[in-house]
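Below you'll find the structure, written out as structure tokens, and then a few comments.
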Amino acid sequence: MGNSVGLIDRLKENLGGKKTRGVALAILFAVVALLPLFANNYIEEVMTNTFFYIVLALGLNIVIGYAGLVDLGYAAFFAVGAYTTGIFMKMGLDFWFTIPISIVFCIIAGIIIGGPTLRLRSDYLAIVTLGFGEITRIVARNLKITGGASGLVGIERPTIFGHKLYQITDFYYTFFILVILAIIIAMRLHNSRLGRAWQYIREDEDAAEAMGIDPVKTKLYAYMIGAAFGGVAGAFFAVKMTAISPETFAFTQSAMILLAVILGGMGKIPGAILGAVFLVFFPEIFREIGQTRMLVFGILLVIIMVFRPQGLWPQRKS
Amino acid sequence: MHVMSLFYIVIQQLVNGLILGSFYSLVALGYSMVYGIIKLLNFAHGDIYMVGAFVGFGALGIFGSILGVGWLGITVALLISMFLVGLLGMLVHRIAYQPLLNKRAPRMSLLITAVGVSFTLFNGVMVMTNGEYKAFSTSLGYEGISLGPVNITYTQIIMVVSTAILMLVLYWFINRTMYGKAMRAIALDQDACRLMGINVTKTISLTFFVGSALAAAAGVMAGVYYGSIHFYMGFIIGLKAFTAAVIGGIGSIPGAMLGGLILGLLETAGTQLPFVGSAWKDVFTFGILILLLVSKPTGILGKSEIERM
């Protein structure tokens, strides 16, 4: 593993210049944008799935990476988004109007879970978020409005400018745009006043408080924004799948997103993207290992934490 | 008459709650001990309990044919499981946690490592058992003491008594032996202990052994009591036991015992409430946890501490 990391480091040194990086990004962008012209449905499906996890990983990255808060129940926000959209669309509302509602509901969920618990120790937070994730799943399974254990089925496909999104290529581009938006927002947040406040709190909460930053409020913002990311991703997930069930949002889901963030390197946007790509590609490439996949993930998580806690993406030299 | 039947229901539920509480207490002890000594929320502890149940199942399968599947066979299986799973706990500590402790890594890294360990154990058992339920077949009957319509089986009595014995042994171990003293000292000040010549790493390892062995005991007993085991059984009980540890005051040994019993009783009472029912009982428990964390995060017997970030 050390070897491959060294390789990435060297590669990055060679790519070091701003210009080369710009060119590389442009090429990457062009390849991804033009991919549906060459690729078959399977590849498009995998890529769409990757985009989806990138959005989730970027959202969780705000909570974990930027603000340094543990969240083991991130799938709950994704569930709230998906169910909100699903339920309101069943009531006849247009998809595009359900998105802001989903965001609002997710932010409320973020406040409910974050408000009382963000004052607590970080490890208490871990268990509360985990409990919250489970509660959300159980509630979805027991309520009538969420369709019980079988979930919601037959969610309508959305239309945009009279064009109905139903082919995989449609969703490929929809999610691609979503990823670009998410990256821009994540980057802007990172460099904003709020982003700096998060980093300050993560490094030294007492000092940050002494400098006039309200830690609880600032942390709550991280929760709310992270939740909103999950909500948007969930809304699009609902219309892409047309069916959602409580088991989609089990702890495994939260753990996968967490793994993507940690694998790539907490707090880093390229890291979160790399982690999400790995997360989706790995089981696709190693299809035959099937069930053992999650076992490998578990071992991997331990190995990363023990040997390379900063993640796969190289540390910025300062 | 109506009052009497209500009384019987209460007694019956009290017994059920006590049994459930015993399991919670045993698992909560491991959480609390590890937390007390290295401030790690050992996320994998619920899975250790689950592995304990499976090791006990395997041991009963092997020794059951010689010793029978009655109390003798079960006791042997229980002891084997406690020993092996205790070793597993030590192994996990050595491989996954100690390297991070040596580096003085942030607590978040430790926590995430624990999630990784949990995933590994959980999925490891799932792969090995193909995710099937295993029937824990024993020859224990339903004979017991009858108080009117209330029936308390000998199995239930033995479960509660064994839990009490394990706890008393633990209490003696922590408070009366040198190792226990070392554990308590490390919880107060690791660096000072090192200067005094206490082998800190070994003592932490021992804590993992004891905590894991207790969880394994709970796992085997739960397997015997409920009759079937499953790879998923550790997840929820891990959460519940953590809740129990927090109720009692995390880091406190008597707190974990008390917290487990309180949670067991609360939960059984909760399922009797008309608006809770069994479908909502986990929500009820987590609701208690969140309420408690907000109102009294130090728990009943915990000491308040100021956290330095």
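Just remember, in the structure tokens the first chain shown is A, the second B, etc., residues are 1-based per chain, and ligands are 1-based in the order shown.
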Could the residues of chain B within 9 Å of chain A, counting only C-alpha atoms, be given as a PyMOL selection string, please? chain B and resi 40-41+43+95-97+99-100+105+107-124+126-127+130+239+242-243+279-280+282-283+286-287+289-291+293-294+297+307-309
Residues within 12 Å of Gly73 (chain B), only C-alpha atoms, excluding chain neighbours under 3 positions, as a PyMOL selection string: chain B and resi 56-70+76-80+137-140+220+224
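For region 156-169 of chain A, the list of residues within 10 Å, based on only C-alpha atoms and with local chain neighbours fewer than 3 positions off taken out, reads A:Leu35, A:Pro36, A:Leu37, A:Ala39, A:Asn40, A:Asn41, A:Tyr42, A:Glu44, A:Glu45, A:Thr48, A:Gly86, A:Met89, A:Lys90, A:Gly92, A:Asp94, A:Phe95, A:Trp96, A:Val153, A:Tyr172, A:Tyr173, A:Thr174, A:Phe175, A:Phe236, A:Ala238, A:Val239, A:Lys240, A:Met241, A:Thr242, A:Ala243.
Among the candidate residues B:Thr75, B:Ser278, B:Ser22, B:Gln190, the one lying nearest to Ile204 (chain B) is B:Gln190, with distances computed using only C-alpha atoms.
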Excluding His45 (chain B) and any residue of its chain fewer than 6 positions from it, enumerate the residues within 9 Å of it, using only C-alpha atoms, and give them as a list in words. Val27, Ala28, Gly30, Tyr31, Gly89, Ala114, Ser118, Gly211, Ser212, Ala215, Gly234, Phe235 and Gly238 of chain B
If you run DSSP on this backbone, which residues of region 9-140 of chain B come out as helix (DSSP H, G or I), and could you give them as number ranges by chain? B: 9-38, 45-67, 71-103, 107-129
Please dump the current selection as a short mmCIF file (atom, residue, chain, number, x, y, z; two decimals), in the first residue's frame; keep C-alpha atoms.
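As written to disk, again_9.cif reads:
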data_model
loop_
_atom_site.label_atom_id
_atom_site.label_comp_id
_atom_site.auth_asym_id
_atom_site.auth_seq_id
_atom_site.Cartn_x
_atom_site.Cartn_y
_atom_site.Cartn_z
CA ILE B 9 -48.69 -8.99 34.69
CA VAL B 10 -46.42 -6.63 36.57
CA ILE B 11 -44.57 -9.54 38.23
CA GLN B 12 -44.19 -11.38 34.93
CA GLN B 13 -42.88 -8.28 33.19
CA LEU B 14 -40.57 -7.57 36.10
CA VAL B 15 -39.01 -10.99 35.59
CA ASN B 16 -38.69 -10.44 31.84
CA GLY B 17 -37.18 -7.03 32.40
CA LEU B 18 -34.72 -8.42 34.90
CA ILE B 19 -33.48 -11.04 32.42
CA LEU B 20 -33.18 -8.52 29.60
CA GLY B 21 -31.51 -6.13 32.00
CA SER B 22 -28.96 -8.79 32.99
CA PHE B 23 -27.85 -9.15 29.39
CA TYR B 24 -27.67 -5.40 28.96
CA SER B 25 -25.67 -5.04 32.16
CA LEU B 26 -23.09 -7.63 31.17
CA VAL B 27 -22.53 -5.98 27.79
CA ALA B 28 -22.64 -2.49 29.28
CA LEU B 29 -19.84 -3.43 31.70
CA GLY B 30 -17.42 -4.00 28.84
CA TYR B 31 -18.36 -0.68 27.28
CA SER B 32 -17.92 1.13 30.53
CA MET B 33 -14.63 -0.52 31.49
CA VAL B 34 -13.01 0.22 28.15
CA TYR B 35 -14.39 3.72 28.13
CA GLY B 36 -13.19 4.32 31.65
CA ILE B 37 -9.66 3.24 30.87
CA ILE B 38 -8.91 4.60 27.39
CA HIS B 45 -18.50 -4.45 21.63
CA GLY B 46 -21.97 -5.50 20.51
CA ASP B 47 -20.38 -7.66 17.84
CA ILE B 48 -18.09 -9.22 20.43
CA TYR B 49 -21.26 -10.28 22.23
CA MET B 50 -22.57 -11.77 18.99
CA VAL B 51 -19.30 -13.63 18.35
CA GLY B 52 -19.53 -14.92 21.93
CA ALA B 53 -22.95 -16.40 21.18
CA PHE B 54 -21.59 -18.13 18.07
CA VAL B 55 -18.49 -19.47 19.81
CA GLY B 56 -20.73 -20.80 22.57
CA PHE B 57 -22.95 -22.38 19.94
CA GLY B 58 -19.92 -24.05 18.34
CA ALA B 59 -18.57 -25.23 21.70
CA LEU B 60 -21.94 -26.67 22.65
CA GLY B 61 -22.02 -28.45 19.31
CA ILE B 62 -18.66 -30.08 20.01
CA PHE B 63 -18.98 -30.81 23.73
CA GLY B 64 -22.73 -31.28 23.77
CA SER B 65 -22.36 -34.82 22.48
CA ILE B 66 -20.12 -35.72 25.43
CA LEU B 67 -21.53 -33.60 28.23
CA TRP B 71 -26.55 -27.19 32.35
CA LEU B 72 -23.17 -28.95 32.41
CA GLY B 73 -22.66 -28.66 28.66
CA ILE B 74 -23.89 -25.08 28.64
CA THR B 75 -21.57 -24.08 31.49
CA VAL B 76 -18.58 -25.59 29.70
CA ALA B 77 -19.58 -23.86 26.44
CA LEU B 78 -20.01 -20.61 28.34
CA LEU B 79 -16.55 -20.80 29.89
CA ILE B 80 -14.91 -21.74 26.59
CA SER B 81 -16.67 -18.90 24.83
CA MET B 82 -15.68 -16.43 27.55
CA PHE B 83 -12.06 -17.47 27.30
CA LEU B 84 -11.79 -17.48 23.49
CA VAL B 85 -13.75 -14.28 23.00
CA GLY B 86 -11.69 -12.66 25.74
CA LEU B 87 -8.63 -13.51 23.67
CA LEU B 88 -10.38 -12.09 20.62
CA GLY B 89 -10.93 -8.87 22.52
CA MET B 90 -7.22 -8.72 23.34
CA LEU B 91 -6.36 -9.40 19.71
CA VAL B 92 -8.62 -6.58 18.52
CA HIS B 93 -7.02 -4.24 21.02
CA ARG B 94 -3.49 -5.20 19.93
CA ILE B 95 -4.13 -5.00 16.20
CA ALA B 96 -6.59 -2.17 15.86
CA TYR B 97 -6.49 0.09 18.89
CA GLN B 98 -3.03 -0.05 20.43
CA PRO B 99 -1.18 1.27 17.34
CA LEU B 100 -3.45 4.32 17.41
CA LEU B 101 -3.05 4.73 21.15
CA ASN B 102 0.72 4.62 20.69
CA LYS B 103 0.50 7.39 18.12
CA ARG B 107 -10.34 10.06 19.41
CA MET B 108 -12.28 10.25 16.19
CA SER B 109 -9.74 7.97 14.49
CA LEU B 110 -10.13 5.47 17.30
CA LEU B 111 -13.88 5.61 16.98
CA ILE B 112 -13.78 5.02 13.24
CA THR B 113 -11.37 2.13 13.74
CA ALA B 114 -13.88 0.66 16.14
CA VAL B 115 -16.56 0.96 13.47
CA GLY B 116 -14.20 -0.90 11.14
CA VAL B 117 -13.69 -3.66 13.68
CA SER B 118 -17.42 -3.92 14.16
CA PHE B 119 -17.89 -4.24 10.41
CA THR B 120 -15.21 -6.89 10.18
CA LEU B 121 -16.66 -9.06 12.95
CA PHE B 122 -20.22 -8.59 11.82
CA ASN B 123 -19.58 -9.41 8.18
CA GLY B 124 -17.06 -12.11 9.03
CA VAL B 125 -19.71 -14.02 10.96
CA MET B 126 -22.28 -13.31 8.28
CA VAL B 127 -20.06 -14.84 5.62
CA MET B 128 -19.20 -17.84 7.80
CA THR B 129 -22.82 -18.58 8.69
#
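Using only C-alpha atoms for every distance, the candidate list A:Ile180, A:Ala82, A:Val277, A:Ala222 yields A:Ala82 as the residue closest to Phe249 (chain A).
The residue set within 7 Å of Gly249 (chain B), counting only C-alpha atoms and dropping same-chain residues fewer than 4 places from it, reads B:Ala245, B:Gly255, B:Ala256, B:Thr298, B:Gly299, B:Ile300, B:Leu301, B:Gly302.
CA of Ala33 (chain A) sits 19.6 Å away from CA of Ile269 (chain A).
The neighbours of Leu147 (chain B) here are the residues that come within 12 Å of it, using only C-alpha atoms and leaving out any residue fewer than 4 positions away in the same chain; they are Met4, Ser5, Phe7, Tyr8, Ile9, Ile11, Gln12, Asn151, Ile152 and Thr153 of chain B.
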Saved selection, atoms kept: N, CA and C atoms, as a PDB file, in the first residue's frame:
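File produced: result.pdb:
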ATOM      1  N   MET B   4     -55.666  -8.071  40.844  1.00  0.00           N
ATOM      2  CA  MET B   4     -54.762  -9.212  40.956  1.00  0.00           C
ATOM      3  C   MET B   4     -54.112  -9.539  39.624  1.00  0.00           C
ATOM      4  N   SER B   5     -54.917  -9.551  38.546  1.00  0.00           N
ATOM      5  CA  SER B   5     -54.348  -9.923  37.246  1.00  0.00           C
ATOM      6  C   SER B   5     -53.336  -8.883  36.803  1.00  0.00           C
ATOM      7  N   PHE B   7     -51.515  -7.225  38.827  1.00  0.00           N
ATOM      8  CA  PHE B   7     -50.358  -7.522  39.666  1.00  0.00           C
ATOM      9  C   PHE B   7     -49.506  -8.640  39.060  1.00  0.00           C
ATOM     10  N   TYR B   8     -50.183  -9.674  38.551  1.00  0.00           N
ATOM     11  CA  TYR B   8     -49.449 -10.784  37.942  1.00  0.00           C
ATOM     12  C   TYR B   8     -48.702 -10.337  36.689  1.00  0.00           C
ATOM     13  N   ILE B   9     -49.361  -9.498  35.903  1.00  0.00           N
ATOM     14  CA  ILE B   9     -48.690  -8.988  34.693  1.00  0.00           C
ATOM     15  C   ILE B   9     -47.429  -8.235  35.082  1.00  0.00           C
ATOM     16  N   ILE B  11     -45.609  -8.587  37.771  1.00  0.00           N
ATOM     17  CA  ILE B  11     -44.572  -9.539  38.228  1.00  0.00           C
ATOM     18  C   ILE B  11     -43.904 -10.201  37.022  1.00  0.00           C
ATOM     19  N   GLN B  12     -44.728 -10.680  36.102  1.00  0.00           N
ATOM     20  CA  GLN B  12     -44.187 -11.380  34.931  1.00  0.00           C
ATOM     21  C   GLN B  12     -43.257 -10.455  34.132  1.00  0.00           C
ATOM     22  N   ASN B 151     -45.302 -17.660  35.877  1.00  0.00           N
ATOM     23  CA  ASN B 151     -44.398 -18.799  35.870  1.00  0.00           C
ATOM     24  C   ASN B 151     -42.969 -18.304  35.721  1.00  0.00           C
ATOM     25  N   ILE B 152     -42.159 -18.604  36.714  1.00  0.00           N
ATOM     26  CA  ILE B 152     -40.746 -18.229  36.628  1.00  0.00           C
ATOM     27  C   ILE B 152     -39.959 -19.514  36.459  1.00  0.00           C
ATOM     28  N   THR B 153     -39.326 -19.688  35.308  1.00  0.00           N
ATOM     29  CA  THR B 153     -38.632 -20.955  35.074  1.00  0.00           C
ATOM     30  C   THR B 153     -37.294 -20.964  35.804  1.00  0.00           C
TER      31      THR B 153
END
Contacts of Ala140 (chain A) within 9 Å, only C-alpha atoms, excl. fewer than 5 positions in-chain, as a VMD selection string: chain A and resid 79 83 135 145 to 149 151 245 to 246
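Between CA of Phe78 (chain A) and CA of Met256 (chain A) the separation is 12.9 Å.
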